[in-house]
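**Student:** Below you'll find the structure I mean.
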There are 2 protein chains.
Amino acid sequence: MKIIKIIEKSIPLKSNVSNAVINFSNHTVSLVALVTDQVRNGRPVVGLSFNSIGRYAQSGIIDQRMAPRLLAAKPESLLQTNGQLSAEKVLACSLQNEKPGGHGDRAHAASGLELAVWDLNAKLNDEPASVLIARHYAHIAYSPKVSVYAAGGYYYPDEQTGRLEAELKAYQALGFDRFKMKVGGATLAQDMKRIERAIAITGAGNKVAVDANGRFDLAQALAFGKALQDHELMWYEEAGDPLDFELNSLLAKEYPSALATGENLFSRQDVKNLALFGGARAGLDIFQMDPGLSYGVTEYARMLNELESRGFDRKFCYPHSGQLLGLHVVAGLGLGGCEVYPGVFQPLGGFGDQILIEQGAVKISDAAGFGFEEKANLIAEFKTLLS
Amino acid sequence: MKIIKIIEKSIPLKSNVSNAVINFSNHTVSLVALVTDQVRNGRPVVGLSFNSIGRYAQSGIIDQRMAPRLLAAKPESLLQTNGQLSAEKVLACSLQNEKPGGHGDRAHAASGLELAVWDLNAKLNDEPASVLIARHYAHIAYSPKVSVYAAGGYYYPDEQTGRLEAELKAYQALGFDRFKMKVGGATLAQDMKRIERAIAITGAGNKVAVDANGRFDLAQALAFGKALQDHELMWYEEAGDPLDFELNSLLAKEYPSALATGENLFSRQDVKNLALFGGARAGLDIFQMDPGLSYGVTEYARMLNELESRGFDRKFCYPHSGQLLGLHVVAGLGLGGCEVYPGVFQPLGGFGDQILIEQGAVKISDAAGFGFEEKANLIAEFKTLLS
């Protein structure tokens, strides 16, 4: 078995929303197709993937560095003992002659390639990627049911009174019972009003999470935490810079409820530093690393080893993502749950067209691979790669 | 004044050498030209730069994300009060709508653009970039003389007995008195023999530094340190993963002489973590962040603030680089010194063709900007961008 072609294409994200730090209107994502010499039902089997959402397409790194390495490798050097491609070996080959450190765009690029291997192998086996991941990592408590929450509550350019309420009620109508909203893009007083309006809809603070997207300095993070703390929210996310472990540890000393961070950490080593120096509290705080941005499932499993060896529980991992890749990794590795962006980030955001949210959970279908074929607007994009 | 065109071109590094981790034969670097509407002596003034050495060209990120942002910005939004381009504003604009964290390829891409502003402004002023940097940051103890050491001692595919000796003697003949060599690519016993051969040439351990390029785990790092320590070397560089602050701090407790690291940290925040959690010892350990890889001079000055606010001295900063960009930043900010790769990494490595090394130091010429025009093989490459 061998890779005969690697196709990458940058597509725009359809979203004109902002968090406290950035606007997404010019965001892009890399779609990736690994074309192999394998044929099933008379058609070549192709592994599909993309590099999550939020950190741009990686055409340059994939086309100029990683794809040439994979295509130059001896095909047998990329295989596991069962004759299929090895995600670990594909990742290692993608990173040949790359120096250590600097886990940013490179990690996002490698994710697209590594995850395509899981889609490919699951299609060869005619099983969901989640089932394959669970078996590969000997996760015996596999369930196709995944706890989800709706991420939204962005700042819109045309924000009007009642928009937030309407948005949250729409999520409830879709079957969600927990929500996340952006904060830090308005004054503390304005944001507290928005949070109280959200709690009025959900009925409880522990059904509302807030996300500052790394905007606050220490004093702001502490002040915001103090204003929040009586609400005992679901969590308070990315108060400060994602690499400011000192800030996170000082905030954890003051803020009594759950803190969440990690969506902007992209390697095992960065997660180790969060665990060692960031003041994370086992059994309370939430980890949000995104396998679609951080070298794929292979590195995610290493992150879990790092956390579990230090007393943390994988059920406190809720990957950033809101798309099919993340959904399958959560089920496959038995993580806590994942987010969904019901309204935005199309055609990447969300799950299959027929997947229903019931009481804040979804059930992965039996479709092979990541099930992109069950999401019409996404598979249409993938088809343009292969035509 | 405005930018009318941004040209980026990936060129290969001419080097078939290896350190303990990677081989450089397929490495590339981005050359960058900022073409403006300014004319001097009848010719358009162009800011030139590149993104250092060792972490690949960044064509994708520059062409698809950063250059479009700069060209779409209102020209006056990128200017300082004197009417010239502002390096700080150009950097901030390059990073518009980018999330925090993930300081890797993006940092290398931004460096190329930010540093081109310094070349441009220095050319408009007809002064060396180092002089402009010193004035901008009010570094009053400016001197054009920079302490340098020769970095080499790589593992070559055709390594022969006597090659290391011949290489170090050639550096001495060029005027160098201090050297750095790679370790970790052979057994401990073999590396110790190589180190002793090097000391036999230099006459003293404190004229030899060793660089493991992040290869060792903690046990290996400690064992290597124990074997080294009686030699009281110039420094022991990147023993472990550049982000493994725990390893660095445990090694610093055991190893009595200078440790060096930082060439694979690319942001102020990562440097803050090294200072806080990495066990760095003020007045002993060496910091090697490279302005050509880490968002340019603007972020480098922030790193210095971070270090100096914690009691470290900028004279202990020896940037990774070995090229003209690093040389000018060292002089402009008053750092300790910098490395040179006399034999390798052409056409980027090394300084102007007429620059002499005397007693381990070089003197920056009076050429405007970074002085690329005085390095024939490099300016020839830049000319292909503009033809």
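Here's how to read the names in the structure tokens: chain A, B, ... by the order shown, residue numbers from 1 in each chain, ligand numbers from 1 in the order shown.
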Counting only C-alpha atoms, which residues from chain A have an atom at most 6 Å from any atom of chain B, and could you show them as a ChimeraX atom specification?
**Tutor:** /A:22-23,60,97,101-105,242,264
**Student:** Excluding same-chain residues fewer than 5 positions from stretch 77-87 of chain A, what lies within 9 Å of it counting only C-alpha atoms, as a list in words?
**Tutor:**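 Contacts, in chain order: Met1, Lys2, Ile3, Leu70, Ala92, Cys93, Leu113, Glu114, Leu115, Ala116, Val117, Trp118, Leu120, Asn121, Leu124, Gly296, Val297 and Thr298 of chain A.
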**Student:** Would you save the residues from that selection as a compact mmCIF listing (two decimals), in the first residue's frame, using N, CA and C atoms?
**Tutor:**
```
# COMPACT_ATOMS: atom_id res chain seq x y z
N MET A 1 0.84 -1.20 0.00
CA MET A 1 0.00 0.00 0.00
C MET A 1 0.87 1.24 0.00
N LYS A 2 0.50 2.21 -0.81
CA LYS A 2 1.29 3.45 -0.79
C LYS A 2 0.44 4.67 -1.13
N ILE A 3 0.96 5.82 -0.69
CA ILE A 3 0.34 7.11 -1.03
C ILE A 3 0.77 7.44 -2.45
N LEU A 70 6.75 12.88 2.54
CA LEU A 70 5.94 11.65 2.53
C LEU A 70 6.05 10.94 1.18
N ALA A 92 5.87 11.25 11.90
CA ALA A 92 7.33 11.38 12.06
C ALA A 92 7.98 11.76 10.74
N CYS A 93 7.51 11.16 9.66
CA CYS A 93 8.09 11.47 8.34
C CYS A 93 7.77 12.91 7.94
N LEU A 113 -2.48 16.03 7.81
CA LEU A 113 -1.96 14.81 7.20
C LEU A 113 -2.19 13.60 8.12
N GLU A 114 -1.90 13.77 9.39
CA GLU A 114 -2.03 12.65 10.32
C GLU A 114 -3.47 12.18 10.42
N LEU A 115 -4.40 13.12 10.50
CA LEU A 115 -5.81 12.75 10.65
C LEU A 115 -6.35 12.08 9.38
N ALA A 116 -5.81 12.46 8.23
CA ALA A 116 -6.26 11.81 6.99
C ALA A 116 -5.94 10.31 7.01
N VAL A 117 -4.87 9.94 7.72
CA VAL A 117 -4.53 8.51 7.83
C VAL A 117 -5.62 7.76 8.59
N TRP A 118 -6.15 8.37 9.64
CA TRP A 118 -7.23 7.71 10.40
C TRP A 118 -8.48 7.57 9.54
N LEU A 120 -8.56 7.35 6.30
CA LEU A 120 -8.23 6.34 5.28
C LEU A 120 -8.36 4.93 5.85
N ASN A 121 -7.69 4.69 6.97
CA ASN A 121 -7.70 3.33 7.53
C ASN A 121 -9.10 2.91 7.97
N LEU A 124 -10.88 1.88 4.93
CA LEU A 124 -10.43 0.55 4.48
C LEU A 124 -11.09 -0.54 5.32
N GLY A 296 -2.30 15.95 15.37
CA GLY A 296 -3.19 14.81 15.21
C GLY A 296 -3.36 13.93 16.44
N VAL A 297 -3.93 12.75 16.21
CA VAL A 297 -4.27 11.84 17.30
C VAL A 297 -3.00 11.33 18.00
N THR A 298 -1.96 11.11 17.23
CA THR A 298 -0.70 10.58 17.80
C THR A 298 -0.20 11.46 18.93
```
**Student:** As a PyMOL selection string, list the residues of stretch 87-164 of chain B assigned to alpha helix (DSSP H) by DSSP on the backbone atoms of this structure.
**Tutor:** chain B and resi 87-94+105-125+129-136+163-164
**Student:** Next, dump the selected residues to file, keeping only N, CA and C atoms, as a compact mmCIF listing (two decimals), in the first residue's frame.
**Tutor:**
```txt
# COMPACT_ATOMS: atom_id res chain seq x y z
N ALA B 87 8.40 49.55 12.59
CA ALA B 87 8.57 48.08 12.69
C ALA B 87 7.50 47.48 13.59
N GLU B 88 7.18 48.16 14.68
CA GLU B 88 6.16 47.66 15.61
C GLU B 88 4.80 47.57 14.90
N LYS B 89 4.43 48.61 14.14
CA LYS B 89 3.12 48.60 13.48
C LYS B 89 3.08 47.59 12.33
N VAL B 90 4.19 47.46 11.63
CA VAL B 90 4.24 46.45 10.56
C VAL B 90 4.08 45.06 11.16
N LEU B 91 4.73 44.81 12.29
CA LEU B 91 4.58 43.50 12.94
C LEU B 91 3.14 43.28 13.39
N ALA B 92 2.55 44.27 14.05
CA ALA B 92 1.18 44.10 14.54
C ALA B 92 0.21 43.86 13.38
N CYS B 93 0.40 44.58 12.30
CA CYS B 93 -0.47 44.39 11.13
C CYS B 93 -0.28 43.00 10.53
N SER B 94 0.96 42.53 10.48
CA SER B 94 1.23 41.19 9.94
C SER B 94 0.49 40.12 10.74
N ASP B 105 6.33 28.72 12.98
CA ASP B 105 6.58 29.22 11.63
C ASP B 105 6.09 30.66 11.45
N ARG B 106 4.98 30.98 12.08
CA ARG B 106 4.45 32.34 11.99
C ARG B 106 5.47 33.37 12.49
N ALA B 107 6.16 33.04 13.56
CA ALA B 107 7.17 33.95 14.11
C ALA B 107 8.33 34.12 13.13
N HIS B 108 8.68 33.04 12.42
CA HIS B 108 9.78 33.12 11.46
C HIS B 108 9.37 33.98 10.26
N ALA B 109 8.13 33.79 9.83
CA ALA B 109 7.62 34.57 8.70
C ALA B 109 7.60 36.06 9.03
N ALA B 110 7.06 36.39 10.21
CA ALA B 110 6.95 37.79 10.60
C ALA B 110 8.33 38.44 10.75
N SER B 111 9.32 37.65 11.18
CA SER B 111 10.67 38.19 11.32
C SER B 111 11.18 38.77 10.01
N GLY B 112 10.95 38.01 8.95
CA GLY B 112 11.44 38.48 7.65
C GLY B 112 10.88 39.85 7.31
N LEU B 113 9.60 40.05 7.57
CA LEU B 113 8.96 41.34 7.25
C LEU B 113 9.42 42.44 8.20
N GLU B 114 9.44 42.14 9.49
CA GLU B 114 9.81 43.16 10.47
C GLU B 114 11.24 43.63 10.25
N LEU B 115 12.14 42.70 9.99
CA LEU B 115 13.55 43.07 9.84
C LEU B 115 13.78 43.87 8.55
N ALA B 116 12.97 43.61 7.54
CA ALA B 116 13.10 44.39 6.29
C ALA B 116 12.82 45.87 6.55
N VAL B 117 11.96 46.16 7.54
CA VAL B 117 11.68 47.57 7.88
C VAL B 117 12.94 48.25 8.42
N TRP B 118 13.69 47.53 9.23
CA TRP B 118 14.94 48.12 9.77
C TRP B 118 15.95 48.37 8.65
N ASP B 119 16.04 47.43 7.71
CA ASP B 119 16.96 47.62 6.58
C ASP B 119 16.53 48.84 5.76
N LEU B 120 15.23 48.91 5.52
CA LEU B 120 14.68 50.01 4.73
C LEU B 120 14.95 51.37 5.39
N ASN B 121 14.59 51.49 6.66
CA ASN B 121 14.74 52.78 7.34
C ASN B 121 16.21 53.17 7.45
N ALA B 122 17.06 52.19 7.73
CA ALA B 122 18.49 52.50 7.83
C ALA B 122 19.03 52.97 6.48
N LYS B 123 18.52 52.38 5.40
CA LYS B 123 18.95 52.84 4.07
C LYS B 123 18.44 54.24 3.78
N LEU B 124 17.21 54.53 4.20
CA LEU B 124 16.69 55.90 4.02
C LEU B 124 17.56 56.91 4.78
N ASN B 125 18.07 56.48 5.94
CA ASN B 125 18.92 57.36 6.76
C ASN B 125 20.39 57.28 6.37
N ALA B 129 22.01 49.43 10.07
CA ALA B 129 20.82 49.06 10.85
C ALA B 129 21.14 49.05 12.34
N SER B 130 22.34 48.62 12.69
CA SER B 130 22.72 48.56 14.12
C SER B 130 22.63 49.94 14.77
N VAL B 131 23.05 50.97 14.06
CA VAL B 131 23.02 52.34 14.60
C VAL B 131 21.57 52.79 14.80
N LEU B 132 20.73 52.48 13.82
CA LEU B 132 19.32 52.83 13.92
C LEU B 132 18.65 52.10 15.09
N ILE B 133 18.93 50.82 15.24
CA ILE B 133 18.34 50.04 16.33
C ILE B 133 18.78 50.61 17.67
N ALA B 134 20.06 50.92 17.80
CA ALA B 134 20.58 51.48 19.06
C ALA B 134 19.86 52.78 19.40
N ARG B 135 19.68 53.64 18.39
CA ARG B 135 19.02 54.92 18.66
C ARG B 135 17.56 54.70 19.02
N HIS B 136 16.88 53.81 18.29
CA HIS B 136 15.46 53.57 18.52
C HIS B 136 15.21 53.08 19.94
N ARG B 163 39.43 15.76 10.60
CA ARG B 163 38.59 16.79 9.99
C ARG B 163 38.25 17.89 11.00
N LEU B 164 37.87 17.48 12.23
CA LEU B 164 37.52 18.46 13.26
C LEU B 164 38.71 19.38 13.55
```
**Student:** Pick the closest to A:Gly360 from A:Tyr137, A:Phe50, A:Phe179, A:Tyr154: which is it, counting only C-alpha atoms?
**Tutor:**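 So, comparing all the options, the nearest one is A:Phe179.
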**Student:** As a list in words, please: all residues of stretch 118-213 of chain A that backbone DSSP puts in strand (DSSP E or B).
**Tutor:**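 Those in stretch 118-213 of chain A that DSSP calls strand (DSSP E or B) are Pro128, Lys145, Val146, Ser147, Val148, Tyr149, Ala150, Ala151, Tyr155, Phe179, Lys180, Met181, Lys182, Val208, Ala209, Val210 and Asp211 of chain A.
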**Student:** Restricting it to N, CA and C atoms, dump the selection as a tab-separated table (two decimals), in the first residue's frame.
**Tutor:**
```
chain	number	residue	atom	x	y	z
A	128	PRO	N	-16.27	3.52	11.65
A	128	PRO	CA	-16.03	4.93	12.02
A	128	PRO	C	-14.60	5.13	12.53
A	145	LYS	N	-21.61	7.70	21.89
A	145	LYS	CA	-22.36	8.86	22.38
A	145	LYS	C	-21.38	9.87	22.99
A	146	VAL	N	-21.45	11.12	22.55
A	146	VAL	CA	-20.51	12.15	22.99
A	146	VAL	C	-21.29	13.34	23.54
A	147	SER	N	-20.90	13.78	24.72
A	147	SER	CA	-21.49	14.99	25.33
A	147	SER	C	-21.01	16.22	24.55
A	148	VAL	N	-21.94	17.09	24.19
A	148	VAL	CA	-21.56	18.29	23.44
A	148	VAL	C	-22.21	19.53	24.05
A	149	TYR	N	-21.59	20.66	23.76
A	149	TYR	CA	-22.20	21.93	24.15
A	149	TYR	C	-22.09	22.88	22.97
A	150	ALA	N	-22.96	23.86	22.95
A	150	ALA	CA	-22.97	24.80	21.83
A	150	ALA	C	-22.06	25.99	22.13
A	151	ALA	N	-21.11	26.23	21.24
A	151	ALA	CA	-20.22	27.38	21.38
A	151	ALA	C	-20.71	28.47	20.45
A	155	TYR	N	-19.35	38.21	19.38
A	155	TYR	CA	-19.72	39.61	19.15
A	155	TYR	C	-19.93	39.78	17.65
A	179	PHE	N	-23.90	25.83	27.01
A	179	PHE	CA	-23.50	26.86	26.03
A	179	PHE	C	-22.21	27.51	26.45
A	180	LYS	N	-21.49	28.03	25.44
A	180	LYS	CA	-20.31	28.84	25.74
A	180	LYS	C	-20.43	30.15	24.99
A	181	MET	N	-20.05	31.23	25.67
A	181	MET	CA	-20.14	32.55	25.04
A	181	MET	C	-18.82	33.29	25.20
A	182	LYS	N	-18.57	34.22	24.28
A	182	LYS	CA	-17.36	35.02	24.31
A	182	LYS	C	-17.49	36.14	25.32
A	208	VAL	N	-23.41	27.44	31.61
A	208	VAL	CA	-22.84	28.52	30.79
A	208	VAL	C	-21.33	28.59	31.03
A	209	ALA	N	-20.56	28.50	29.97
A	209	ALA	CA	-19.11	28.73	30.04
A	209	ALA	C	-18.81	30.06	29.37
A	210	VAL	N	-17.75	30.72	29.82
A	210	VAL	CA	-17.33	31.97	29.18
A	210	VAL	C	-15.89	31.84	28.69
A	211	ASP	N	-15.59	32.52	27.58
A	211	ASP	CA	-14.30	32.37	26.89
A	211	ASP	C	-13.74	33.75	26.58
```
**Student:** One decimal, Å: what's the distance from atom CA of B:Ala258 over to atom CA of B:Met192, could you say?
**Tutor:**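 Between atom CA of B:Ala258 and atom CA of B:Met192 the gap is 17.6 Å.
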**Student:** Grab the atom CA of A:Ile140 to atom CA of A:Val329 distance for me, in Å with one decimal place.
**Tutor:**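 Distance reported for this atom pair: 14.2 Å.
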**Student:** Could you list, as a list in words, every residue within 12 Å of B:Pro44, counting only C-alpha atoms and ignoring same-chain residues fewer than 2 positions away?
**Tutor:**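 Those residues are Met1, Lys2, Ile3, Ile4, Lys5, Ala33, Leu34, Val35, Thr36, Asp37, Gln38, Val39, Arg40, Asn41, Gly42, Val46, Gly47, Leu120, Lys123, Leu124 and Leu386 of chain B.
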